[in-house]
$ cat structure_12.pdb   # PDB, C-alpha atoms and all ligand atoms
MODEL        1
ATOM      1  CA  MET A  27      12.396   3.723  48.808
ATOM      2  CA  ILE A  28      16.071   3.978  47.961
ATOM      3  CA  GLU A  29      16.556   4.774  44.286
ATOM      4  CA  PRO A  30      18.528   1.805  42.935
ATOM      5  CA  SER A  31      22.077   2.154  41.676
ATOM      6  CA  TYR A  32      21.895   2.020  37.915
ATOM      7  CA  VAL A  33      23.970   2.821  34.898
ATOM      8  CA  VAL A  34      22.747   3.294  31.364
ATOM      9  CA  LEU A  35      25.221   1.701  28.979
ATOM     10  CA  ASP A  36      25.719   2.530  25.313
ATOM     11  CA  ASP A  37      26.805  -1.037  24.614
ATOM     12  CA  LEU A  38      25.151  -3.123  27.319
ATOM     13  CA  THR A  39      26.698  -6.408  26.237
ATOM     14  CA  TYR A  40      30.247  -5.184  25.814
ATOM     15  CA  GLU A  41      30.401  -2.981  28.891
ATOM     16  CA  SER A  42      28.807  -5.606  31.129
ATOM     17  CA  PHE A  43      31.203  -8.180  29.630
ATOM     18  CA  GLU A  44      34.165  -5.991  30.634
ATOM     19  CA  TYR A  45      32.704  -5.590  34.126
ATOM     20  CA  PHE A  46      32.080  -9.305  34.703
ATOM     21  CA  THR A  47      35.463 -10.300  33.244
ATOM     22  CA  ALA A  48      37.281  -7.918  35.604
ATOM     23  CA  SER A  49      35.099  -8.974  38.552
ATOM     24  CA  LEU A  50      35.689 -12.696  38.019
ATOM     25  CA  ILE A  51      39.452 -12.178  37.706
ATOM     26  CA  ALA A  52      39.560 -10.047  40.885
ATOM     27  CA  ILE A  53      37.357 -12.373  42.978
ATOM     28  CA  ALA A  54      39.221 -15.526  41.942
ATOM     29  CA  ALA A  55      42.570 -13.826  42.616
ATOM     30  CA  GLU A  56      41.429 -12.874  46.115
ATOM     31  CA  LYS A  57      39.545 -16.050  47.081
ATOM     32  CA  GLY A  58      40.933 -18.730  44.777
ATOM     33  CA  ILE A  59      37.366 -19.416  43.674
ATOM     34  CA  ALA A  60      34.314 -17.479  42.472
ATOM     35  CA  SER A  61      30.630 -18.406  42.497
ATOM     36  CA  PHE A  62      28.628 -16.998  39.598
ATOM     37  CA  VAL A  63      24.820 -17.349  39.509
ATOM     38  CA  LEU A  64      23.568 -17.106  35.940
ATOM     39  CA  SER A  65      20.244 -15.721  34.820
ATOM     40  CA  GLY A  66      18.070 -17.338  32.208
ATOM     41  CA  GLY A  67      16.193 -15.714  29.358
ATOM     42  CA  GLY A  68      17.528 -14.044  26.246
ATOM     43  CA  THR A  69      19.081 -10.817  27.536
ATOM     44  CA  PRO A  70      22.339 -12.285  28.880
ATOM     45  CA  LEU A  71      23.040 -14.661  25.961
ATOM     46  CA  ASP A  72      25.317 -12.261  24.071
ATOM     47  CA  LEU A  73      27.172 -11.605  27.324
ATOM     48  CA  TYR A  74      27.603 -15.367  27.865
ATOM     49  CA  ARG A  75      28.849 -15.785  24.290
ATOM     50  CA  LYS A  76      31.438 -13.038  24.780
ATOM     51  CA  LEU A  77      32.562 -14.556  28.087
ATOM     52  CA  GLY A  78      32.745 -17.898  26.317
ATOM     53  CA  ARG A  79      34.721 -16.855  23.268
ATOM     54  CA  SER A  80      36.393 -13.444  23.623
ATOM     55  CA  THR A  81      40.171 -13.451  23.941
ATOM     56  CA  ILE A  82      39.774 -10.572  26.415
ATOM     57  CA  ALA A  83      38.257 -13.074  28.888
ATOM     58  CA  LYS A  84      41.021 -15.640  28.416
ATOM     59  CA  ASP A  85      42.693 -14.383  31.627
ATOM     60  CA  VAL A  86      39.706 -15.422  33.754
ATOM     61  CA  PRO A  87      40.799 -18.569  35.692
ATOM     62  CA  TRP A  88      37.804 -20.484  34.347
ATOM     63  CA  ASP A  89      38.735 -23.628  36.258
ATOM     64  CA  LYS A  90      38.122 -21.660  39.482
ATOM     65  CA  ILE A  91      34.675 -20.342  38.528
ATOM     66  CA  HIS A  92      31.647 -22.241  39.858
ATOM     67  CA  PHE A  93      28.361 -21.780  38.026
ATOM     68  CA  PHE A  94      24.880 -21.814  39.502
ATOM     69  CA  TRP A  95      21.466 -20.703  38.227
ATOM     70  CA  GLY A  96      18.999 -18.236  39.711
ATOM     71  CA  ASP A  97      16.185 -20.256  38.230
ATOM     72  CA  GLU A  98      15.524 -23.047  35.764
ATOM     73  CA  ARG A  99      12.644 -24.311  33.758
ATOM     74  CA  LEU A 100      11.497 -27.869  34.555
ATOM     75  CA  VAL A 101      12.610 -29.352  31.251
ATOM     76  CA  PRO A 102      15.447 -31.773  30.431
ATOM     77  CA  PRO A 103      18.983 -30.321  30.330
ATOM     78  CA  ASP A 104      19.135 -30.636  26.541
ATOM     79  CA  ASP A 105      15.771 -28.921  25.990
ATOM     80  CA  PRO A 106      15.863 -25.605  24.069
ATOM     81  CA  GLY A 107      13.960 -24.042  26.989
ATOM     82  CA  SER A 108      16.637 -24.987  29.517
ATOM     83  CA  ASN A 109      18.632 -22.078  30.964
ATOM     84  CA  TYR A 110      21.453 -24.538  31.597
ATOM     85  CA  ALA A 111      21.456 -25.675  27.943
ATOM     86  CA  ALA A 112      21.720 -22.056  26.743
ATOM     87  CA  ALA A 113      24.628 -21.298  29.072
ATOM     88  CA  ARG A 114      26.354 -24.581  28.235
ATOM     89  CA  GLU A 115      26.378 -23.786  24.532
ATOM     90  CA  ALA A 116      27.388 -20.127  24.956
ATOM     91  CA  LEU A 117      29.895 -20.329  27.792
ATOM     92  CA  LEU A 118      30.397 -23.598  29.674
ATOM     93  CA  GLU A 119      31.479 -25.709  26.689
ATOM     94  CA  PRO A 120      33.630 -23.052  24.963
ATOM     95  CA  ARG A 121      35.524 -22.505  28.231
ATOM     96  CA  ALA A 122      35.641 -26.242  29.049
ATOM     97  CA  ILE A 123      34.261 -25.568  32.530
ATOM     98  CA  PRO A 124      34.917 -28.669  34.671
ATOM     99  CA  GLU A 125      31.749 -30.660  35.402
ATOM    100  CA  GLN A 126      32.383 -30.371  39.140
ATOM    101  CA  ASN A 127      32.104 -26.578  38.767
ATOM    102  CA  ILE A 128      28.646 -26.729  37.190
ATOM    103  CA  HIS A 129      25.793 -26.794  39.692
ATOM    104  CA  ARG A 130      22.671 -26.950  37.582
ATOM    105  CA  ILE A 131      19.076 -27.243  38.728
ATOM    106  CA  LYS A 132      17.943 -30.684  37.550
ATOM    107  CA  GLY A 133      14.967 -29.666  35.445
ATOM    108  CA  GLU A 134      14.339 -33.271  34.504
ATOM    109  CA  LEU A 135      13.186 -34.079  38.052
ATOM    110  CA  PRO A 136       9.680 -33.531  39.471
ATOM    111  CA  PRO A 137       9.353 -29.946  40.824
ATOM    112  CA  HIS A 138       9.834 -30.538  44.539
ATOM    113  CA  GLU A 139      12.587 -33.105  43.977
ATOM    114  CA  ALA A 140      14.429 -30.648  41.727
ATOM    115  CA  ALA A 141      14.132 -27.921  44.377
ATOM    116  CA  ALA A 142      15.269 -30.230  47.180
ATOM    117  CA  ASP A 143      18.182 -31.525  45.091
ATOM    118  CA  TYR A 144      19.385 -27.977  44.345
ATOM    119  CA  ALA A 145      18.996 -26.864  47.980
ATOM    120  CA  ALA A 146      21.025 -29.877  49.091
ATOM    121  CA  ARG A 147      23.704 -29.096  46.516
ATOM    122  CA  LEU A 148      23.897 -25.490  47.739
ATOM    123  CA  SER A 149      24.245 -26.684  51.323
ATOM    124  CA  VAL A 150      27.065 -29.117  50.493
ATOM    125  CA  TRP A 151      28.857 -26.488  48.390
ATOM    126  CA  ALA A 152      28.579 -23.844  51.114
ATOM    127  CA  ALA A 153      29.923 -26.249  53.745
ATOM    128  CA  GLU A 154      32.958 -26.950  51.578
ATOM    129  CA  TYR A 155      33.666 -23.590  49.946
ATOM    130  CA  ASP A 156      31.915 -20.977  52.118
ATOM    131  CA  PRO A 157      32.169 -22.377  55.679
ATOM    132  CA  GLY A 158      31.511 -18.925  57.178
ATOM    133  CA  ALA A 159      28.139 -18.712  55.493
ATOM    134  CA  PRO A 160      25.387 -17.953  58.066
ATOM    135  CA  HIS A 161      22.913 -20.207  56.252
ATOM    136  CA  PRO A 162      23.080 -23.585  54.482
ATOM    137  CA  TRP A 163      23.602 -21.898  51.103
ATOM    138  CA  PRO A 164      26.523 -19.920  49.659
ATOM    139  CA  ARG A 165      27.110 -16.204  49.897
ATOM    140  CA  PHE A 166      27.354 -16.039  46.099
ATOM    141  CA  ASP A 167      30.054 -13.789  44.706
ATOM    142  CA  ILE A 168      28.071 -12.613  41.707
ATOM    143  CA  VAL A 169      24.366 -13.011  40.968
ATOM    144  CA  LEU A 170      23.149 -12.014  37.519
ATOM    145  CA  LEU A 171      19.413 -11.400  37.185
ATOM    146  CA  GLY A 172      17.066 -10.296  34.429
ATOM    147  CA  LEU A 173      13.695  -8.573  34.535
ATOM    148  CA  GLY A 174      10.561  -9.637  32.734
ATOM    149  CA  GLU A 175       8.135  -7.209  31.094
ATOM    150  CA  ASP A 176       5.767  -8.012  33.965
ATOM    151  CA  GLY A 177       8.433  -7.197  36.540
ATOM    152  CA  HIS A 178       9.394 -10.741  37.514
ATOM    153  CA  THR A 179      12.969 -11.689  38.200
ATOM    154  CA  ALA A 180      14.374 -15.208  38.241
ATOM    155  CA  SER A 181      11.059 -17.048  38.710
ATOM    156  CA  LEU A 182       9.718 -14.680  41.372
ATOM    157  CA  PHE A 183       6.533 -13.453  39.734
ATOM    158  CA  PRO A 184       4.178 -10.567  40.584
ATOM    159  CA  GLY A 185       1.675 -11.651  43.226
ATOM    160  CA  SER A 186       3.822 -14.517  44.493
ATOM    161  CA  PRO A 187       4.087 -14.793  48.305
ATOM    162  CA  LEU A 188       6.523 -12.420  49.956
ATOM    163  CA  GLU A 189       7.144 -14.795  52.828
ATOM    164  CA  VAL A 190       9.369 -17.723  51.924
ATOM    165  CA  ASP A 191      11.066 -20.124  54.330
ATOM    166  CA  ALA A 192      13.403 -21.844  51.872
ATOM    167  CA  PRO A 193      16.276 -20.742  49.634
ATOM    168  CA  VAL A 194      14.887 -22.740  46.710
ATOM    169  CA  ILE A 195      11.235 -23.279  45.751
ATOM    170  CA  ALA A 196       9.254 -24.822  42.919
ATOM    171  CA  VAL A 197       6.761 -22.531  41.178
ATOM    172  CA  THR A 198       4.395 -22.490  38.203
ATOM    173  CA  ALA A 199       4.399 -19.433  35.960
ATOM    174  CA  ASP A 200       2.791 -18.261  32.745
ATOM    175  CA  TYR A 201       5.138 -15.969  30.844
ATOM    176  CA  GLN A 202       5.522 -15.498  27.096
ATOM    177  CA  GLY A 203       4.783 -19.155  26.423
ATOM    178  CA  ARG A 204       7.942 -20.256  28.229
ATOM    179  CA  PRO A 205       7.955 -23.519  30.252
ATOM    180  CA  ALA A 206       5.535 -23.069  33.142
ATOM    181  CA  GLY A 207       7.141 -25.367  35.726
ATOM    182  CA  ARG A 208      10.161 -23.750  37.347
ATOM    183  CA  VAL A 209      12.544 -23.890  40.266
ATOM    184  CA  THR A 210      13.918 -20.617  41.606
ATOM    185  CA  LEU A 211      16.210 -19.247  44.236
ATOM    186  CA  THR A 212      14.335 -17.023  46.664
ATOM    187  CA  PRO A 213      15.378 -13.697  48.242
ATOM    188  CA  LEU A 214      16.684 -15.730  51.197
ATOM    189  CA  ALA A 215      19.499 -16.912  48.945
ATOM    190  CA  PHE A 216      19.808 -13.869  46.689
ATOM    191  CA  ASN A 217      20.116 -11.468  49.621
ATOM    192  CA  ASP A 218      23.174 -13.225  51.053
ATOM    193  CA  ALA A 219      25.102 -12.551  47.856
ATOM    194  CA  HIS A 220      28.099 -10.249  47.749
ATOM    195  CA  LEU A 221      26.981  -8.667  44.474
ATOM    196  CA  VAL A 222      23.702  -8.721  42.554
ATOM    197  CA  VAL A 223      23.546  -7.249  39.045
ATOM    198  CA  PHE A 224      20.369  -6.845  37.014
ATOM    199  CA  LEU A 225      20.925  -6.790  33.250
ATOM    200  CA  VAL A 226      17.933  -5.291  31.448
ATOM    201  CA  ALA A 227      17.564  -4.362  27.780
ATOM    202  CA  GLY A 228      14.767  -3.134  25.591
ATOM    203  CA  ALA A 229      12.062  -0.468  25.631
ATOM    204  CA  ASN A 230       9.584  -3.263  26.383
ATOM    205  CA  LYS A 231      11.111  -3.397  29.879
ATOM    206  CA  ALA A 232      10.920   0.375  30.551
ATOM    207  CA  ASP A 233       7.635   0.212  32.463
ATOM    208  CA  ALA A 234       8.801  -2.708  34.612
ATOM    209  CA  VAL A 235      12.065  -0.870  35.373
ATOM    210  CA  HIS A 236      10.223   2.340  36.278
ATOM    211  CA  GLY A 237       7.728   0.507  38.500
ATOM    212  CA  THR A 238      10.466  -1.479  40.223
ATOM    213  CA  PHE A 239      12.409   1.699  40.914
ATOM    214  CA  TYR A 240       9.583   4.028  41.975
ATOM    215  CA  VAL A 241       6.429   2.096  42.970
ATOM    216  CA  ASP A 242       7.001   0.736  46.472
ATOM    217  CA  ASP A 243       5.239  -2.617  46.097
ATOM    218  CA  PRO A 244       7.398  -5.770  46.402
ATOM    219  CA  VAL A 245       4.377  -7.992  45.732
ATOM    220  CA  ARG A 246       3.838  -6.350  42.340
ATOM    221  CA  TYR A 247       7.526  -5.794  41.669
ATOM    222  CA  PRO A 248       9.409  -8.862  42.972
ATOM    223  CA  ALA A 249      12.836  -7.426  42.113
ATOM    224  CA  GLN A 250      12.291  -5.102  45.097
ATOM    225  CA  ARG A 251      12.614  -8.209  47.297
ATOM    226  CA  ILE A 252      16.262  -8.377  46.235
ATOM    227  CA  ARG A 253      17.803  -6.081  48.849
ATOM    228  CA  TYR A 254      18.472  -2.400  48.478
ATOM    229  CA  VAL A 255      20.302  -2.243  51.789
ATOM    230  CA  ASP A 256      23.320  -0.443  50.437
ATOM    231  CA  GLU A 257      23.879   1.880  47.573
ATOM    232  CA  MET A 258      26.016  -0.503  45.574
ATOM    233  CA  ASN A 259      23.783  -3.529  45.778
ATOM    234  CA  PRO A 260      22.000  -4.438  43.614
ATOM    235  CA  MET A 261      23.435  -2.770  40.569
ATOM    236  CA  TRP A 262      21.299  -2.258  37.471
ATOM    237  CA  PHE A 263      22.896  -2.281  34.018
ATOM    238  CA  LEU A 264      20.372  -0.858  31.554
ATOM    239  CA  ASP A 265      20.349  -0.022  27.899
ATOM    240  CA  LYS A 266      18.696   3.215  26.749
ATOM    241  CA  GLY A 267      15.452   1.441  25.895
ATOM    242  CA  ALA A 268      15.048  -0.074  29.332
ATOM    243  CA  ALA A 269      15.937   3.315  30.879
ATOM    244  CA  ARG A 270      13.495   5.211  28.661
ATOM    245  CA  ARG A 271      11.276   6.265  31.596
ATOM    246  CA  LEU A 272      14.115   7.180  33.938
ATOM    247  CA  ASP A 273      15.506  10.658  34.379
ATOM    248  CA  TRP A 274      19.056   9.689  33.564
ATOM    249  CA  ARG A 275      21.730  11.824  31.995
ATOM    250  CA  GLY A 276      24.595   9.870  30.579
ATOM    251  CA  ASN A 277      25.313   7.627  33.550
ATOM    252  CA  ARG A 278      28.634   5.927  33.039
ATOM    253  CA  PRO A 279      29.535   2.268  33.699
ATOM    254  CA  PRO A 280      30.995   1.338  37.084
ATOM    255  CA  ARG A 281      34.764   1.181  37.264
TER
HETATM  256  C1  LIG N 301      14.044 -17.154  32.856
HETATM  257  C2  LIG N 301      14.761 -16.028  33.543
HETATM  258  C3  LIG N 301      13.836 -14.865  33.688
HETATM  259  C4  LIG N 301      14.357 -13.812  32.715
HETATM  260  C5  LIG N 301      13.305 -12.780  32.428
HETATM  261  C6  LIG N 301      13.770 -11.853  31.298
HETATM  262  O1  LIG N 301      14.172 -18.313  33.257
HETATM  263  O2  LIG N 301      13.382 -16.836  31.850
HETATM  264  O3  LIG N 301      15.428 -16.355  34.638
HETATM  265  O4  LIG N 301      13.751 -14.331  34.973
HETATM  266  O5  LIG N 301      15.513 -13.202  33.254
HETATM  267  O6  LIG N 301      12.122 -13.454  32.013
HETATM  268  O7  LIG N 301      13.913 -12.650  30.141
HETATM  269  P1  LIG N 301      14.503 -12.025  28.789
HETATM  270  O8  LIG N 301      15.934 -11.676  29.054
HETATM  271  O9  LIG N 301      14.371 -13.120  27.761
HETATM  272  O10 LIG N 301      13.660 -10.800  28.482
ENDMDL
END
$ encode --input "structure_12.pdb" --output "structure tokens"
Amino acid sequence: MIEPSYVVLDDLTYESFEYFTASLIAIAAEKGIASFVLSGGGTPLDLYRKLGRSTIAKDVPWDKIHFFWGDERLVPPDDPGSNYAAAREALLEPRAIPEQNIHRIKGELPPHEAAADYAARLSVWAAEYDPGAPHPWPRFDIVLLGLGEDGHTASLFPGSPLEVDAPVIAVTADYQGRPAGRVTLTPLAFNDAHLVVFLVAGANKADAVHGTFYVDDPVRYPAQRIRYVDEMNPMWFLDKGAARRLDWRGNRPPR
């Protein structure tokens, strides 16, 4: 196994906010557009709120940023359990992101319809904005992912099949009482991305981080399915709690 690239950050929210702000500005300046896949859950919410409201991020060309989701719960878009609803309140509305730049998973649809709708949307977007893509889905510029206490990421759960033949699938999961029906991107889509960043906070994640890093078992630790093919991808941004079981010494944030 390749030991993942990770940094332990004193202020996970602020330092990751600086990193994503600079990355979005640089990508949009180079390409005229940037595709940003958001994670669900609670860890990234403070980051989204900073991106949505901080004057430091005012220089991001928000009208050029396209938003996608790594997974979504099968609930209506105004449901408190919706990952889209959380991001809309924290970031999309404050930055007045144009509707045509928001590519949500339609959680209000039946599972397989929601998955098919999202896959079709990815295919149309890739044809228009990423014509060199080798597959009918985008090579996302930035993918943000979290990690569950059980080691899941997006809605790829321990024990789920390694072999997938689609970029988007519908799944059922039981985790912390959260909505069970979900739609998720699969490693087929994640592993075409230019940059994947895991954002993990809390001592309650330390065991999942340690197992993902050092127990070679992608069935048990689905985050291992997200490629480690080069030293810079994926990147792990950890707070000290999440890094508690790692032998780190003052790793500094990426510049
Ligand atoms: C979701 C997320 C999920 C999340 C982890 C961690 O829909 O819930 O996509 O993969 O990232 O469960 O969640 P927390 O950040 O709340 O610990």
$ residues_around --input "structure_12.pdb" --residues "range 202-213 of chain A" --least-positions-apart "3" --cutoff "7 Å" --atoms "only C-alpha atoms" --output "PyMOL selection string"
chain A and resi 96-100+107+137+141+180-181+193-199+216-217+251-252
$ write_last_selection --input "structure_12.pdb" --atoms "C-alpha atoms" --output "PDB file, in the coordinates of the input"
ATOM      1  CA  GLY A  96      18.999 -18.236  39.711  1.00  0.00           C
ATOM      2  CA  ASP A  97      16.185 -20.256  38.230  1.00  0.00           C
ATOM      3  CA  GLU A  98      15.524 -23.047  35.764  1.00  0.00           C
ATOM      4  CA  ARG A  99      12.644 -24.311  33.758  1.00  0.00           C
ATOM      5  CA  LEU A 100      11.497 -27.869  34.555  1.00  0.00           C
ATOM      6  CA  GLY A 107      13.960 -24.042  26.989  1.00  0.00           C
ATOM      7  CA  PRO A 137       9.353 -29.946  40.824  1.00  0.00           C
ATOM      8  CA  ALA A 141      14.132 -27.921  44.377  1.00  0.00           C
ATOM      9  CA  ALA A 180      14.374 -15.208  38.241  1.00  0.00           C
ATOM     10  CA  SER A 181      11.059 -17.048  38.710  1.00  0.00           C
ATOM     11  CA  PRO A 193      16.276 -20.742  49.634  1.00  0.00           C
ATOM     12  CA  VAL A 194      14.887 -22.740  46.710  1.00  0.00           C
ATOM     13  CA  ILE A 195      11.235 -23.279  45.751  1.00  0.00           C
ATOM     14  CA  ALA A 196       9.254 -24.822  42.919  1.00  0.00           C
ATOM     15  CA  VAL A 197       6.761 -22.531  41.178  1.00  0.00           C
ATOM     16  CA  THR A 198       4.395 -22.490  38.203  1.00  0.00           C
ATOM     17  CA  ALA A 199       4.399 -19.433  35.960  1.00  0.00           C
ATOM     18  CA  PHE A 216      19.808 -13.869  46.689  1.00  0.00           C
ATOM     19  CA  ASN A 217      20.116 -11.468  49.621  1.00  0.00           C
ATOM     20  CA  ARG A 251      12.614  -8.209  47.297  1.00  0.00           C
ATOM     21  CA  ILE A 252      16.262  -8.377  46.235  1.00  0.00           C
TER      22      ILE A 252
END
$ closest_residue --input "structure_12.pdb" --among "A:Gly237, A:Pro162, A:Gly68, A:Pro248" --to "ligand LIG 301 (chain N)" --atoms "all atoms listed in the file"
A:Gly68
$ residues_around --input "structure_12.pdb" --residues "Glu154 in chain A" --least-positions-apart "6" --cutoff "12 Å" --atoms "all atoms listed in the file" --output "number ranges by chain"
A: 59, 147-148, 162-164
$ resolve_selection --input "structure_12.pdb" --expression "the PyMOL selection byres (((chain A and resi 49-57) around 12) and not hetatm)" --output "count of residues only"
37
$ resolve_selection --input "structure_12.pdb" --expression "the PyMOL selection byres (((chain A and resi 161) around 9) and not hetatm)" --output "JSON, numbers by chain"
{"A": [149, 152, 158, 159, 160, 162, 163, 164, 165, 215, 218]}
$ axis_aligned_box --input "structure_12.pdb" --around "ligand LIG 301 (chain N)" --padding-each-side "6 Å" --output "lines of an AutoDock Vina configuration file"
center_x = 14.0
center_y = -14.6
center_z = 31.4
size_x = 15.8
size_y = 19.5
size_z = 19.2
$ closest_residue --input "structure_12.pdb" --among "A:Leu171, A:Ile131, A:Val34, A:Ala269" --to "Ala145 in chain A" --atoms "only C-alpha atoms"
A:Ile131
$ closest_residue --input "structure_12.pdb" --among "A:Ser80, A:Ser31, A:Gln250, A:Asn259" --to "Leu182 in chain A" --atoms "all atoms listed in the file"
A:Gln250
$ resolve_selection --input "structure_12.pdb" --expression "the PyMOL selection byres (((chain A and resi 229) around 9) and not hetatm)" --output "PDB file with C-alpha atoms, keeping the file's coordinate frame"
ATOM      1  CA  ALA A 227      17.564  -4.362  27.780  1.00  0.00           C
ATOM      2  CA  GLY A 228      14.767  -3.134  25.591  1.00  0.00           C
ATOM      3  CA  ASN A 230       9.584  -3.263  26.383  1.00  0.00           C
ATOM      4  CA  LYS A 231      11.111  -3.397  29.879  1.00  0.00           C
ATOM      5  CA  ALA A 232      10.920   0.375  30.551  1.00  0.00           C
ATOM      6  CA  ASP A 233       7.635   0.212  32.463  1.00  0.00           C
ATOM      7  CA  ASP A 265      20.349  -0.022  27.899  1.00  0.00           C
ATOM      8  CA  LYS A 266      18.696   3.215  26.749  1.00  0.00           C
ATOM      9  CA  GLY A 267      15.452   1.441  25.895  1.00  0.00           C
ATOM     10  CA  ALA A 268      15.048  -0.074  29.332  1.00  0.00           C
ATOM     11  CA  ALA A 269      15.937   3.315  30.879  1.00  0.00           C
ATOM     12  CA  ARG A 270      13.495   5.211  28.661  1.00  0.00           C
TER      13      ARG A 270
END
$ atom_distance --input "structure_12.pdb" --atom1 "CA of Val222 in chain A" --atom2 "CA of Pro136 in chain A"
28.7 Å
$ atom_distance --input "structure_12.pdb" --atom1 "CA of Arg246 in chain A" --atom2 "CA of Gly185 in chain A"
5.8 Å
$ closest_residue --input "structure_12.pdb" --among "A:Tyr240, A:Trp274, A:Tyr201, A:Trp262" --to "ligand LIG 301 (chain N)" --atoms "all atoms listed in the file"
A:Tyr201
$ closest_residue --input "structure_12.pdb" --among "A:Arg75, A:His178, A:Lys132, A:Arg121" --to "ligand LIG 301 (chain N)" --atoms "only C-alpha atoms and all ligand atoms"
A:His178
$ atom_distance --input "structure_12.pdb" --atom1 "CA of Asn109 in chain A" --atom2 "atom C2 of ligand LIG 301 (chain N)"
7.6 Å
$ build_atoms --input "structure_12.pdb" --residues "range 223-229 of chain A" --atoms "all heavy atoms" --output "PDB file, in the frame of the given file"
ATOM      1  N   VAL A 223      23.623  -8.161  40.202  1.00  0.00           N
ATOM      2  CA  VAL A 223      23.546  -7.249  39.045  1.00  0.00           C
ATOM      3  C   VAL A 223      22.342  -7.637  38.197  1.00  0.00           C
ATOM      4  O   VAL A 223      22.201  -8.791  37.797  1.00  0.00           O
ATOM      5  CB  VAL A 223      24.820  -7.329  38.178  1.00  0.00           C
ATOM      6  CG1 VAL A 223      24.690  -6.411  36.957  1.00  0.00           C
ATOM      7  CG2 VAL A 223      26.048  -6.939  38.997  1.00  0.00           C
ATOM      8  N   PHE A 224      21.473  -6.652  37.963  1.00  0.00           N
ATOM      9  CA  PHE A 224      20.369  -6.845  37.014  1.00  0.00           C
ATOM     10  C   PHE A 224      20.826  -6.351  35.655  1.00  0.00           C
ATOM     11  O   PHE A 224      21.371  -5.240  35.542  1.00  0.00           O
ATOM     12  CB  PHE A 224      19.143  -6.039  37.451  1.00  0.00           C
ATOM     13  CG  PHE A 224      18.388  -6.615  38.619  1.00  0.00           C
ATOM     14  CD1 PHE A 224      18.752  -6.294  39.924  1.00  0.00           C
ATOM     15  CD2 PHE A 224      17.321  -7.477  38.414  1.00  0.00           C
ATOM     16  CE1 PHE A 224      18.075  -6.823  41.004  1.00  0.00           C
ATOM     17  CE2 PHE A 224      16.617  -8.007  39.497  1.00  0.00           C
ATOM     18  CZ  PHE A 224      16.986  -7.674  40.793  1.00  0.00           C
ATOM     19  N   LEU A 225      20.577  -7.155  34.631  1.00  0.00           N
ATOM     20  CA  LEU A 225      20.925  -6.790  33.250  1.00  0.00           C
ATOM     21  C   LEU A 225      19.622  -6.702  32.476  1.00  0.00           C
ATOM     22  O   LEU A 225      18.920  -7.702  32.320  1.00  0.00           O
ATOM     23  CB  LEU A 225      21.828  -7.882  32.657  1.00  0.00           C
ATOM     24  CG  LEU A 225      22.522  -7.583  31.344  1.00  0.00           C
ATOM     25  CD1 LEU A 225      23.654  -6.577  31.563  1.00  0.00           C
ATOM     26  CD2 LEU A 225      23.089  -8.871  30.730  1.00  0.00           C
ATOM     27  N   VAL A 226      19.261  -5.492  32.046  1.00  0.00           N
ATOM     28  CA  VAL A 226      17.933  -5.291  31.448  1.00  0.00           C
ATOM     29  C   VAL A 226      18.064  -4.489  30.158  1.00  0.00           C
ATOM     30  O   VAL A 226      18.678  -3.423  30.140  1.00  0.00           O
ATOM     31  CB  VAL A 226      16.969  -4.583  32.407  1.00  0.00           C
ATOM     32  CG1 VAL A 226      15.542  -4.595  31.864  1.00  0.00           C
ATOM     33  CG2 VAL A 226      17.002  -5.228  33.801  1.00  0.00           C
ATOM     34  N   ALA A 227      17.468  -5.022  29.090  1.00  0.00           N
ATOM     35  CA  ALA A 227      17.564  -4.362  27.780  1.00  0.00           C
ATOM     36  C   ALA A 227      16.196  -4.310  27.125  1.00  0.00           C
ATOM     37  O   ALA A 227      15.375  -5.227  27.293  1.00  0.00           O
ATOM     38  CB  ALA A 227      18.517  -5.131  26.870  1.00  0.00           C
ATOM     39  N   GLY A 228      15.959  -3.224  26.419  1.00  0.00           N
ATOM     40  CA  GLY A 228      14.767  -3.134  25.591  1.00  0.00           C
ATOM     41  C   GLY A 228      13.704  -2.212  26.149  1.00  0.00           C
ATOM     42  O   GLY A 228      13.404  -2.221  27.348  1.00  0.00           O
ATOM     43  N   ALA A 229      13.118  -1.422  25.235  1.00  0.00           N
ATOM     44  CA  ALA A 229      12.062  -0.468  25.631  1.00  0.00           C
ATOM     45  C   ALA A 229      10.856  -1.208  26.199  1.00  0.00           C
ATOM     46  O   ALA A 229      10.084  -0.644  26.982  1.00  0.00           O
ATOM     47  CB  ALA A 229      11.664   0.374  24.421  1.00  0.00           C
TER      48      ALA A 229
END
